[in-house]
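File shown: final_5.pdb. Contents: PDB, C-alpha atoms and all ligand atoms.
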```pdb
MODEL        1
ATOM      1  CA  MET A 126      -1.729 -12.825  14.126  1.00  0.00           C
ATOM      2  CA  ASN A 127      -1.229 -11.749  10.483  1.00  0.00           C
ATOM      3  CA  ASP A 128       1.817 -10.355   8.712  1.00  0.00           C
ATOM      4  CA  ILE A 129       1.947  -6.867   7.149  1.00  0.00           C
ATOM      5  CA  GLU A 130       0.444  -7.478   3.683  1.00  0.00           C
ATOM      6  CA  ASN A 131      -0.625  -4.152   2.147  1.00  0.00           C
ATOM      7  CA  LYS A 132      -0.973  -0.377   2.498  1.00  0.00           C
ATOM      8  CA  GLU A 133      -4.052  -0.711   4.723  1.00  0.00           C
ATOM      9  CA  ASP A 134      -1.922  -2.681   7.187  1.00  0.00           C
ATOM     10  CA  LEU A 135       0.794  -0.011   7.004  1.00  0.00           C
ATOM     11  CA  LEU A 136      -1.744   2.743   7.685  1.00  0.00           C
ATOM     12  CA  PHE A 137      -3.013   0.832  10.730  1.00  0.00           C
ATOM     13  CA  LEU A 138       0.604   0.378  11.874  1.00  0.00           C
ATOM     14  CA  VAL A 139       1.711   4.018  11.524  1.00  0.00           C
ATOM     15  CA  ASP A 140      -1.551   5.256  13.055  1.00  0.00           C
ATOM     16  CA  GLU A 141      -1.054   3.109  16.161  1.00  0.00           C
ATOM     17  CA  PHE A 142       2.683   3.997  16.231  1.00  0.00           C
ATOM     18  CA  TYR A 143       1.998   7.737  16.196  1.00  0.00           C
ATOM     19  CA  LYS A 144      -0.622   7.327  18.953  1.00  0.00           C
ATOM     20  CA  LYS A 145       2.214   5.964  21.104  1.00  0.00           C
ATOM     21  CA  LEU A 146       4.711   8.674  20.059  1.00  0.00           C
ATOM     22  CA  LEU A 147       2.232  11.493  20.621  1.00  0.00           C
ATOM     23  CA  SER A 148       1.154  10.225  24.043  1.00  0.00           C
ATOM     24  CA  ASP A 149       4.762   9.944  25.287  1.00  0.00           C
ATOM     25  CA  PRO A 150       5.928  13.361  26.587  1.00  0.00           C
ATOM     26  CA  THR A 151       9.596  12.325  26.360  1.00  0.00           C
ATOM     27  CA  ILE A 152       9.326  12.521  22.523  1.00  0.00           C
ATOM     28  CA  SER A 153       5.917  14.025  21.589  1.00  0.00           C
ATOM     29  CA  TYR A 154       7.188  17.652  21.807  1.00  0.00           C
ATOM     30  CA  ILE A 155       9.299  17.076  18.687  1.00  0.00           C
ATOM     31  CA  PHE A 156       6.084  16.427  16.710  1.00  0.00           C
ATOM     32  CA  THR A 157       3.963  19.098  18.384  1.00  0.00           C
ATOM     33  CA  ASP A 158       6.360  21.962  19.211  1.00  0.00           C
ATOM     34  CA  VAL A 159       9.664  21.619  17.280  1.00  0.00           C
ATOM     35  CA  VAL A 160       7.882  20.586  14.067  1.00  0.00           C
ATOM     36  CA  LYS A 161       4.127  21.027  14.086  1.00  0.00           C
ATOM     37  CA  ILE A 162       3.087  18.001  12.061  1.00  0.00           C
ATOM     38  CA  LYS A 163      -0.355  17.765  10.490  1.00  0.00           C
ATOM     39  CA  ILE A 164      -1.132  14.161  11.249  1.00  0.00           C
ATOM     40  CA  GLU A 165      -3.645  13.735   8.395  1.00  0.00           C
ATOM     41  CA  GLU A 166      -0.957  14.813   5.894  1.00  0.00           C
ATOM     42  CA  HIS A 167       1.913  13.057   7.675  1.00  0.00           C
ATOM     43  CA  LEU A 168       0.494   9.515   7.942  1.00  0.00           C
ATOM     44  CA  PRO A 169      -0.055   9.000   4.163  1.00  0.00           C
ATOM     45  CA  ILE A 170       3.599  10.050   3.568  1.00  0.00           C
ATOM     46  CA  LEU A 171       4.722   7.451   6.100  1.00  0.00           C
ATOM     47  CA  VAL A 172       2.608   4.806   4.343  1.00  0.00           C
ATOM     48  CA  THR A 173       4.210   5.664   0.969  1.00  0.00           C
ATOM     49  CA  PHE A 174       7.667   5.544   2.533  1.00  0.00           C
ATOM     50  CA  TRP A 175       7.187   2.168   4.236  1.00  0.00           C
ATOM     51  CA  SER A 176       5.361   0.689   1.244  1.00  0.00           C
ATOM     52  CA  GLN A 177       8.373   1.553  -0.914  1.00  0.00           C
ATOM     53  CA  ALA A 178      10.729   0.085   1.698  1.00  0.00           C
ATOM     54  CA  ILE A 179       8.782  -3.166   2.231  1.00  0.00           C
ATOM     55  CA  PHE A 180       6.838  -3.762  -0.998  1.00  0.00           C
ATOM     56  CA  ASN A 181       9.015  -1.824  -3.529  1.00  0.00           C
ATOM     57  CA  THR A 182       5.974   0.183  -4.632  1.00  0.00           C
ATOM     58  CA  GLY A 183       7.977   3.401  -5.187  1.00  0.00           C
ATOM     59  CA  GLY A 184       6.550   6.893  -4.905  1.00  0.00           C
ATOM     60  CA  TYR A 185       8.699   8.278  -2.085  1.00  0.00           C
ATOM     61  CA  PHE A 186      11.071  10.978  -3.380  1.00  0.00           C
ATOM     62  CA  ASN A 187      12.034  13.062  -0.356  1.00  0.00           C
ATOM     63  CA  ASN A 188      15.468  13.070   1.291  1.00  0.00           C
ATOM     64  CA  LEU A 189      14.600  11.406   4.582  1.00  0.00           C
ATOM     65  CA  THR A 190      18.014  11.875   6.204  1.00  0.00           C
ATOM     66  CA  GLN A 191      18.101  15.577   5.299  1.00  0.00           C
ATOM     67  CA  ILE A 192      14.614  16.057   6.785  1.00  0.00           C
ATOM     68  CA  HIS A 193      15.867  14.636  10.100  1.00  0.00           C
ATOM     69  CA  LEU A 194      19.112  16.627   9.928  1.00  0.00           C
ATOM     70  CA  ASP A 195      16.969  19.750   9.616  1.00  0.00           C
ATOM     71  CA  ILE A 196      14.871  18.743  12.656  1.00  0.00           C
ATOM     72  CA  SER A 197      18.064  18.037  14.594  1.00  0.00           C
ATOM     73  CA  LYS A 198      19.370  21.550  13.847  1.00  0.00           C
ATOM     74  CA  LYS A 199      16.310  22.959  15.630  1.00  0.00           C
ATOM     75  CA  GLU A 200      16.353  20.450  18.484  1.00  0.00           C
ATOM     76  CA  PHE A 201      19.170  17.912  18.731  1.00  0.00           C
ATOM     77  CA  LEU A 202      17.881  14.382  18.113  1.00  0.00           C
ATOM     78  CA  THR A 203      19.753  12.467  20.806  1.00  0.00           C
ATOM     79  CA  PRO A 204      20.520   8.719  20.794  1.00  0.00           C
ATOM     80  CA  GLU A 205      17.968   8.491  23.637  1.00  0.00           C
ATOM     81  CA  LEU A 206      15.242   9.952  21.406  1.00  0.00           C
ATOM     82  CA  PHE A 207      16.117   7.467  18.654  1.00  0.00           C
ATOM     83  CA  GLN A 208      15.891   4.627  21.180  1.00  0.00           C
ATOM     84  CA  ILE A 209      12.464   5.816  22.370  1.00  0.00           C
ATOM     85  CA  TRP A 210      11.326   6.076  18.724  1.00  0.00           C
ATOM     86  CA  LEU A 211      12.577   2.546  17.957  1.00  0.00           C
ATOM     87  CA  ASP A 212      11.086   1.056  21.128  1.00  0.00           C
ATOM     88  CA  HIS A 213       7.628   2.429  20.252  1.00  0.00           C
ATOM     89  CA  PHE A 214       8.007   1.293  16.647  1.00  0.00           C
ATOM     90  CA  ASN A 215       9.051  -2.268  17.544  1.00  0.00           C
ATOM     91  CA  THR A 216       6.363  -2.566  20.247  1.00  0.00           C
ATOM     92  CA  THR A 217       3.668  -1.426  17.799  1.00  0.00           C
ATOM     93  CA  VAL A 218       4.806  -3.901  15.124  1.00  0.00           C
ATOM     94  CA  ASP A 219       4.931  -6.765  17.654  1.00  0.00           C
ATOM     95  CA  GLU A 220       1.482  -5.919  19.062  1.00  0.00           C
ATOM     96  CA  LEU A 221      -0.164  -5.966  15.627  1.00  0.00           C
ATOM     97  CA  PHE A 222       1.744  -8.236  13.225  1.00  0.00           C
ATOM     98  CA  LYS A 223       3.831 -11.380  13.008  1.00  0.00           C
ATOM     99  CA  GLY A 224       5.817 -12.664  10.033  1.00  0.00           C
ATOM    100  CA  GLU A 225       8.545 -11.912   7.493  1.00  0.00           C
ATOM    101  CA  ASN A 226       7.439  -8.376   6.681  1.00  0.00           C
ATOM    102  CA  ALA A 227       7.030  -7.571  10.374  1.00  0.00           C
ATOM    103  CA  GLU A 228      10.650  -8.620  10.901  1.00  0.00           C
ATOM    104  CA  LYS A 229      11.772  -6.785   7.738  1.00  0.00           C
ATOM    105  CA  ILE A 230      10.202  -3.479   8.768  1.00  0.00           C
ATOM    106  CA  LYS A 231      11.827  -3.584  12.234  1.00  0.00           C
ATOM    107  CA  THR A 232      15.243  -4.375  10.702  1.00  0.00           C
ATOM    108  CA  GLN A 233      14.873  -1.538   8.199  1.00  0.00           C
ATOM    109  CA  ALA A 234      13.819   0.917  10.914  1.00  0.00           C
ATOM    110  CA  LEU A 235      16.934  -0.001  12.910  1.00  0.00           C
ATOM    111  CA  SER A 236      19.236   0.390   9.860  1.00  0.00           C
ATOM    112  CA  ILE A 237      17.758   3.749   8.874  1.00  0.00           C
ATOM    113  CA  SER A 238      17.880   4.976  12.459  1.00  0.00           C
ATOM    114  CA  THR A 239      21.574   4.001  12.659  1.00  0.00           C
ATOM    115  CA  ILE A 240      22.409   5.831   9.419  1.00  0.00           C
ATOM    116  CA  MET A 241      20.468   8.929  10.538  1.00  0.00           C
ATOM    117  CA  GLN A 242      22.331   9.021  13.842  1.00  0.00           C
ATOM    118  CA  ILE A 243      25.729   8.748  12.101  1.00  0.00           C
ATOM    119  CA  LYS A 244      24.826  11.630   9.751  1.00  0.00           C
ATOM    120  CA  ILE A 245      23.538  13.717  12.664  1.00  0.00           C
ATOM    121  CA  ALA A 246      26.741  13.083  14.640  1.00  0.00           C
ATOM    122  CA  GLN A 247      28.855  14.034  11.572  1.00  0.00           C
ATOM    123  CA  SER A 248      26.946  17.282  11.100  1.00  0.00           C
ATOM    124  CA  LYS A 249      27.619  18.540  14.639  1.00  0.00           C
TER     125      LYS A 249
HETATM  126  C1  LIG B   1      14.474  10.518  17.226  1.00  0.00           C
HETATM  127  C2  LIG B   1      13.793   9.870  16.271  1.00  0.00           C
HETATM  128  C3  LIG B   1      12.857  10.552  15.312  1.00  0.00           C
HETATM  129  C4  LIG B   1      12.116  11.702  15.475  1.00  0.00           C
HETATM  130  C5  LIG B   1      11.991  12.567  16.723  1.00  0.00           C
HETATM  131  C6  LIG B   1      11.439  11.934  14.214  1.00  0.00           C
HETATM  132  C7  LIG B   1      10.605  13.031  13.970  1.00  0.00           C
HETATM  133  C8  LIG B   1      10.053  13.325  12.750  1.00  0.00           C
HETATM  134  C9  LIG B   1       9.311  14.538  12.443  1.00  0.00           C
HETATM  135  C10 LIG B   1       9.055  15.684  13.420  1.00  0.00           C
HETATM  136  C11 LIG B   1       8.936  14.468  11.157  1.00  0.00           C
HETATM  137  C12 LIG B   1       8.140  15.520  10.351  1.00  0.00           C
HETATM  138  C13 LIG B   1       9.125  16.355   9.540  1.00  0.00           C
HETATM  139  C14 LIG B   1       8.474  17.407   8.672  1.00  0.00           C
HETATM  140  O1  LIG B   1       7.332  17.226   8.236  1.00  0.00           O
HETATM  141  O2  LIG B   1       9.137  18.441   8.422  1.00  0.00           O
HETATM  142  C15 LIG B   1       9.405  13.195  10.644  1.00  0.00           C
HETATM  143  C16 LIG B   1       9.191  12.737   9.370  1.00  0.00           C
HETATM  144  C17 LIG B   1       9.440  11.441   8.964  1.00  0.00           C
HETATM  145  N1  LIG B   1      10.121  10.482   9.677  1.00  0.00           N
HETATM  146 FE1  LIG B   1      10.984  10.741  11.469  1.00  0.00          FE
HETATM  147  N2  LIG B   1      11.750  10.954  13.331  1.00  0.00           N
HETATM  148  C18 LIG B   1      12.609  10.079  13.950  1.00  0.00           C
HETATM  149  C19 LIG B   1      13.158   8.944  13.403  1.00  0.00           C
HETATM  150  C20 LIG B   1      12.751   8.377  12.223  1.00  0.00           C
HETATM  151  C21 LIG B   1      13.218   7.118  11.714  1.00  0.00           C
HETATM  152  C22 LIG B   1      14.265   6.225  12.390  1.00  0.00           C
HETATM  153  C23 LIG B   1      12.527   6.896  10.540  1.00  0.00           C
HETATM  154  C24 LIG B   1      12.584   5.743   9.587  1.00  0.00           C
HETATM  155  C25 LIG B   1      13.062   4.559   9.909  1.00  0.00           C
HETATM  156  C26 LIG B   1      11.655   8.025  10.330  1.00  0.00           C
HETATM  157  C27 LIG B   1      10.779   8.168   9.274  1.00  0.00           C
HETATM  158  C28 LIG B   1      10.147   9.336   8.938  1.00  0.00           C
HETATM  159  C29 LIG B   1       9.437   9.550   7.683  1.00  0.00           C
HETATM  160  C30 LIG B   1       9.223   8.532   6.578  1.00  0.00           C
HETATM  161  C31 LIG B   1       8.997  10.875   7.703  1.00  0.00           C
HETATM  162  C32 LIG B   1       8.228  11.613   6.597  1.00  0.00           C
HETATM  163  C33 LIG B   1       9.234  12.474   5.835  1.00  0.00           C
HETATM  164  C34 LIG B   1       8.618  13.260   4.689  1.00  0.00           C
HETATM  165  O3  LIG B   1       7.772  14.142   4.938  1.00  0.00           O
HETATM  166  O4  LIG B   1       8.960  12.953   3.532  1.00  0.00           O
HETATM  167  N3  LIG B   1      11.816   8.897  11.359  1.00  0.00           N
HETATM  168  N4  LIG B   1      10.094  12.543  11.625  1.00  0.00           N
ENDMDL
END
```

Is it possible to give me this structure as structure tokens?
Amino acid sequence: MNDIENKEDLLFLVDEFYKKLLSDPTISYIFTDVVKIKIEEHLPILVTFWSQAIFNTGGYFNNLTQIHLDISKKEFLTPELFQIWLDHFNTTVDELFKGENAEKIKTQALSISTIMQIKIAQSK
């Protein structure tokens, strides 16, 4: 099994990850009803974000925490939802990749998720 090496790998990862999110009714409604994402526009943004986080390629300028605070105002993003999100993310990474970057991306996802949840709790 290979490590995550480039943007093509990240696209494969986020594509498989979103297949899991969107086929799980305990979380999919956030992406289909609360916010109606356009998957073909959404996935390239995710690739830019994770490429900046893992490979320092830059190019991501949005306020990620604010975006999730705004979602949480419409529909509260509970700790349970964050756990479901993280479980699908970690499972997808482990199914597809093995190595330093695979570990790095899971650690970063956990850190960001923790920060988001603190900010969401503070904004209540
Ligand atoms: C309960 C957990 C989560 C849910 C339900 C969720 C849901 C969403 C939704 C609906 C969007 C689209 C927002 C929009 O286009 O207006 C989005 C965007 C995004 N999410 Fe999450 N998210 C969660 C956690 C996370 C975490 C932990 C991360 C990162 C580690 C993350 C990374 C992103 C990124 C990079 C975008 C793209 C933002 C942009 O358009 O610039 N999400 N999320």

Problem - Proximity to A:Ala178 - best of A:Ala246, A:Lys223, A:Leu194, A:Lys229, only C-alpha atoms - result: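 Smallest separation from A:Ala178 among the options: A:Lys229.
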
Practice task
Return as a ChimeraX atom specification the residues of protein, DNA or RNA that approach ligand LIG 1 (chain B) to within 8 Å, with only C-alpha atoms and all ligand atoms taken into account.
Solution key: /A:152-153,155-157,159-162,167,170-172,174-175,185-189,192-193,196,202-211,233-239,241

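Closest approach to A:Asp140 among A:Asp128, A:Glu165, A:Glu220, A:Glu228 is made by A:Glu165 (distances from all atoms listed in the file).
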
Practice task
Could you tell me which of A:Ile230, A:Leu138, A:Met126, A:Leu146 comes closest to A:Gln177 if we count only C-alpha atoms?
Solution key: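 Answer, going by the shortest atom-to-atom distance: A:Ile230.
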
Handout entry: Atom-to-atom span, atom CA of A:Phe142 and atom CA of A:Asn215, Å
Key = 9.0 Å

Problem - Separation of atom CA of A:Lys144 from atom CA of A:Lys244, in Å and rounded to one decimal - result: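 Atom CA of A:Lys244 lies at a distance of 27.4 Å from atom CA of A:Lys144.
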
First collect every listed atom of stretch 174-188 of chain A; then fit an axis-aligned box around them, widen it by 5 Å on each side, and give centre and edge lengths in Å to one decimal, as JSON.
```
{"center_x": 10.4, "center_y": 4.7, "center_z": -0.5, "size_x": 20.1, "size_y": 26.8, "size_z": 19.4}
```

Exercise for the section: Have a look at atom CA of A:Leu221 and atom CA of A:Ser176 and let me know their distance in Å, one decimal. Expected result: 16.8 Å

Exercise for the section: Identify which of the residues A:Lys132, A:Phe137, A:Ser197, A:Thr173 lies closest to A:Gln247, counting all atoms listed in the file when measuring atom-to-atom distances. Expected result: A:Ser197

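Considering all atoms listed in the file, the residue among A:Lys198, A:Ile179, A:Thr216, A:Ile240 positioned nearest to A:Glu130 is A:Ile179.
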
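Using only C-alpha atoms, the nearest neighbour of A:Asp195 within the list A:Ile245, A:Ala227, A:Ile164, A:Leu147 is A:Ile245.
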
Export C-alpha atoms of stretch 143-219 of chain A from the structure just given, as a PDB file, in the first residue's frame?
```pdb
ATOM      1  CA  TYR A 143     -17.453  11.670   0.427  1.00  0.00           C
ATOM      2  CA  LYS A 144     -18.936   8.434  -0.973  1.00  0.00           C
ATOM      3  CA  LYS A 145     -18.946   7.173   2.624  1.00  0.00           C
ATOM      4  CA  LEU A 146     -20.332  10.434   4.080  1.00  0.00           C
ATOM      5  CA  LEU A 147     -23.082  10.692   1.476  1.00  0.00           C
ATOM      6  CA  SER A 148     -24.176   7.070   1.881  1.00  0.00           C
ATOM      7  CA  ASP A 149     -24.461   7.381   5.684  1.00  0.00           C
ATOM      8  CA  PRO A 150     -27.896   8.834   6.586  1.00  0.00           C
ATOM      9  CA  THR A 151     -26.698   9.806  10.078  1.00  0.00           C
ATOM     10  CA  ILE A 152     -24.585  12.603   8.482  1.00  0.00           C
ATOM     11  CA  SER A 153     -25.449  12.841   4.747  1.00  0.00           C
ATOM     12  CA  TYR A 154     -28.401  15.241   5.338  1.00  0.00           C
ATOM     13  CA  ILE A 155     -25.945  17.983   6.322  1.00  0.00           C
ATOM     14  CA  PHE A 156     -24.453  17.823   2.799  1.00  0.00           C
ATOM     15  CA  THR A 157     -27.725  17.324   0.932  1.00  0.00           C
ATOM     16  CA  ASP A 158     -30.356  19.275   2.907  1.00  0.00           C
ATOM     17  CA  VAL A 159     -28.719  21.741   5.356  1.00  0.00           C
ATOM     18  CA  VAL A 160     -26.091  22.806   2.801  1.00  0.00           C
ATOM     19  CA  LYS A 161     -26.696  21.612  -0.735  1.00  0.00           C
ATOM     20  CA  ILE A 162     -23.134  20.956  -1.839  1.00  0.00           C
ATOM     21  CA  LYS A 163     -22.228  20.650  -5.508  1.00  0.00           C
ATOM     22  CA  ILE A 164     -19.846  17.743  -5.313  1.00  0.00           C
ATOM     23  CA  GLU A 165     -17.964  18.614  -8.528  1.00  0.00           C
ATOM     24  CA  GLU A 166     -17.165  22.072  -7.100  1.00  0.00           C
ATOM     25  CA  HIS A 167     -16.637  20.869  -3.527  1.00  0.00           C
ATOM     26  CA  LEU A 168     -14.052  18.110  -4.103  1.00  0.00           C
ATOM     27  CA  PRO A 169     -11.422  20.351  -5.809  1.00  0.00           C
ATOM     28  CA  ILE A 170     -11.674  22.777  -2.833  1.00  0.00           C
ATOM     29  CA  LEU A 171     -11.031  19.880  -0.461  1.00  0.00           C
ATOM     30  CA  VAL A 172      -8.002  18.839  -2.532  1.00  0.00           C
ATOM     31  CA  THR A 173      -6.575  22.391  -2.364  1.00  0.00           C
ATOM     32  CA  PHE A 174      -7.190  22.506   1.381  1.00  0.00           C
ATOM     33  CA  TRP A 175      -5.535  19.156   2.130  1.00  0.00           C
ATOM     34  CA  SER A 176      -2.684  19.787  -0.308  1.00  0.00           C
ATOM     35  CA  GLN A 177      -1.897  22.998   1.575  1.00  0.00           C
ATOM     36  CA  ALA A 178      -2.128  21.160   4.906  1.00  0.00           C
ATOM     37  CA  ILE A 179       0.032  18.172   3.881  1.00  0.00           C
ATOM     38  CA  PHE A 180       2.309  19.436   1.092  1.00  0.00           C
ATOM     39  CA  ASN A 181       2.406  23.213   1.884  1.00  0.00           C
ATOM     40  CA  THR A 182       1.263  24.001  -1.661  1.00  0.00           C
ATOM     41  CA  GLY A 183      -0.854  27.007  -0.585  1.00  0.00           C
ATOM     42  CA  GLY A 184      -3.908  28.255  -2.436  1.00  0.00           C
ATOM     43  CA  TYR A 185      -6.560  27.817   0.258  1.00  0.00           C
ATOM     44  CA  PHE A 186      -7.797  31.206   1.516  1.00  0.00           C
ATOM     45  CA  ASN A 187     -11.207  30.567   3.061  1.00  0.00           C
ATOM     46  CA  ASN A 188     -11.975  30.685   6.788  1.00  0.00           C
ATOM     47  CA  LEU A 189     -12.660  27.012   7.414  1.00  0.00           C
ATOM     48  CA  THR A 190     -13.783  27.404  11.032  1.00  0.00           C
ATOM     49  CA  GLN A 191     -16.201  30.210  10.134  1.00  0.00           C
ATOM     50  CA  ILE A 192     -17.695  28.075   7.339  1.00  0.00           C
ATOM     51  CA  HIS A 193     -18.454  25.332   9.885  1.00  0.00           C
ATOM     52  CA  LEU A 194     -19.736  27.833  12.459  1.00  0.00           C
ATOM     53  CA  ASP A 195     -22.187  29.028   9.811  1.00  0.00           C
ATOM     54  CA  ILE A 196     -23.328  25.443   9.097  1.00  0.00           C
ATOM     55  CA  SER A 197     -23.714  24.849  12.832  1.00  0.00           C
ATOM     56  CA  LYS A 198     -25.997  27.898  13.146  1.00  0.00           C
ATOM     57  CA  LYS A 199     -28.383  26.241  10.678  1.00  0.00           C
ATOM     58  CA  GLU A 200     -28.073  22.750  12.148  1.00  0.00           C
ATOM     59  CA  PHE A 201     -26.009  22.194  15.289  1.00  0.00           C
ATOM     60  CA  LEU A 202     -22.898  20.134  14.527  1.00  0.00           C
ATOM     61  CA  THR A 203     -22.850  17.797  17.520  1.00  0.00           C
ATOM     62  CA  PRO A 204     -19.794  15.955  18.902  1.00  0.00           C
ATOM     63  CA  GLU A 205     -21.469  12.786  17.561  1.00  0.00           C
ATOM     64  CA  LEU A 206     -21.484  14.203  14.020  1.00  0.00           C
ATOM     65  CA  PHE A 207     -17.798  15.116  14.335  1.00  0.00           C
ATOM     66  CA  GLN A 208     -17.045  11.571  15.505  1.00  0.00           C
ATOM     67  CA  ILE A 209     -18.925  10.078  12.537  1.00  0.00           C
ATOM     68  CA  TRP A 210     -17.033  12.441  10.193  1.00  0.00           C
ATOM     69  CA  LEU A 211     -13.671  11.459  11.723  1.00  0.00           C
ATOM     70  CA  ASP A 212     -14.464   7.734  11.702  1.00  0.00           C
ATOM     71  CA  HIS A 213     -15.262   7.837   7.965  1.00  0.00           C
ATOM     72  CA  PHE A 214     -12.179   9.952   7.288  1.00  0.00           C
ATOM     73  CA  ASN A 215      -9.797   7.662   9.201  1.00  0.00           C
ATOM     74  CA  THR A 216     -11.342   4.503   7.700  1.00  0.00           C
ATOM     75  CA  THR A 217     -10.968   5.906   4.172  1.00  0.00           C
ATOM     76  CA  VAL A 218      -7.319   6.868   4.755  1.00  0.00           C
ATOM     77  CA  ASP A 219      -6.527   3.440   6.253  1.00  0.00           C
TER      78      ASP A 219
END
```
